[in-house]
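Novice: I'd like to ask you about the structure that follows.
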Amino acid sequence: MKILVTGGAGFIGSAVVRLAVARGHSVVNLDAMTYAANAANVAAVGNSPLYAFEQADIRDRAALDRIFAAHQPDAVMHLAAESHVDRSIDGPGAFIETNITGTYNMLEAARGYWAAQGKPEGFRFHHISTDEVFGSLGEDGQFTEETPYDPRSPYSASKAASDHLVRAWHETYGLPVILTNCSNNYGPYHFPEKLVPVVILRALSGQPIPVYGDGGNVRDWLYVEDHADALLLALEKGETGRSYNIGGENEAKNIDLVRTICAEMDRLRPQNAPHDRLIIFVTDRPGHDRRYAIDPARIRDELGWRPSVTVEEGLRRTVEWYLDNEEWWRPLLDRQGVGERLGKA
């Protein structure tokens, strides 16, 4: 199968690219190479005959039409998106343009290509989204595929809008689509503005580790390589027009997650222990959802997928990876906004 992956130089996208090539798929990586993208994320497959790269912006419809015509993919995996909630609070415009207008352009380019090819039954447009579109949970319950949308940030609102567009293109035009909504990802190659890499790198440098509010916000943590496996399975086996929630079955409070990372740092860098002495609590960001939790029953029962990595094992692997790969993350610290407190509006 030849797969066009958008955002394939980003965190989740590059995990998909690496796994797809390892499994023998041809991959065309379409990425605008904005601040969170990194060519090093796909260096392992860069010389593979199964891999091709196109630097293009999903807001550029002419470029998309050219890429579809040149590469003639069998499927699309659409991951390209602005994704940092704090940045969406400071500058929502980029999220509207990329996540909504960009997805519209992708849908129209895919629809035009699909129609020109005679509407092959095997074609798939797989849209990858987030559990944040569902809003915030109380102490109990989990998000299912039937949970009403209730986004609370510019980021989640833009992703919710893109989900609605994808469903509309299926219902109106018959475009064969698959949707997936995932919980919080973590793992190797995670851009160092998100919680897990921030904690690791702050602990490593002896800097204060900021935790929003009281640290009681709960997330369901999904190891990125497990997610990539689930995404390829949904693409290959999922029912068109259907959505699948992908979760790690690893709920944890932010403060507990941070302390687990600190304990791993204590183990691996005992000379600077205890690292949890660096934890500080900072003013919460606006609209910070209290709890997310995914019910993955549909993808488990229909497609036979379950996560294989516990949060304890995944964090151990992740901390070890960052400690072993300073040459990857060190240059990223100079990029705009990294290391700054964002989202204080």
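Chains: A, B, ... in order of the structure tokens. Residues: from 1 per chain. Ligands: from 1, in order shown.
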Please, which residues of range 122-328 of chain A, numbered as in this document, come out alpha helix (DSSP H) from DSSP, as a PyMOL selection string?

Specialist: chain A and resi 154-173+195-205+224-237+254-268+297-303+311-324+326-328

Novice: List the spatial neighbours of His126 in chain A as an MDAnalysis selection string - criterion: any atom at most 9 Å away, only C-alpha atoms, same-chain residues fewer than 3 positions off excluded.

Specialist: chainID A and resid 75:79 176:180 231 234:235

Novice: Between A:His170, A:Arg219, A:Lys159, A:His190, which residue has the minimum interatomic distance to Thr98 in chain A, considering only C-alpha atoms?

Specialist: A:Lys159

Novice: To test your reading of the structure, identify every residue in range 116-183 of chain A that backbone DSSP assigns to strand (DSSP E or B), and report it as a count of residues only.

Specialist: 14

Novice: Nearest to Thr147 in chain A among A:Tyr223, A:Trp169, A:Tyr244, A:Phe95, with distances taken over only C-alpha atoms: which residue is it?

Specialist: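 The closest residue to Thr147 in chain A is A:Tyr244.
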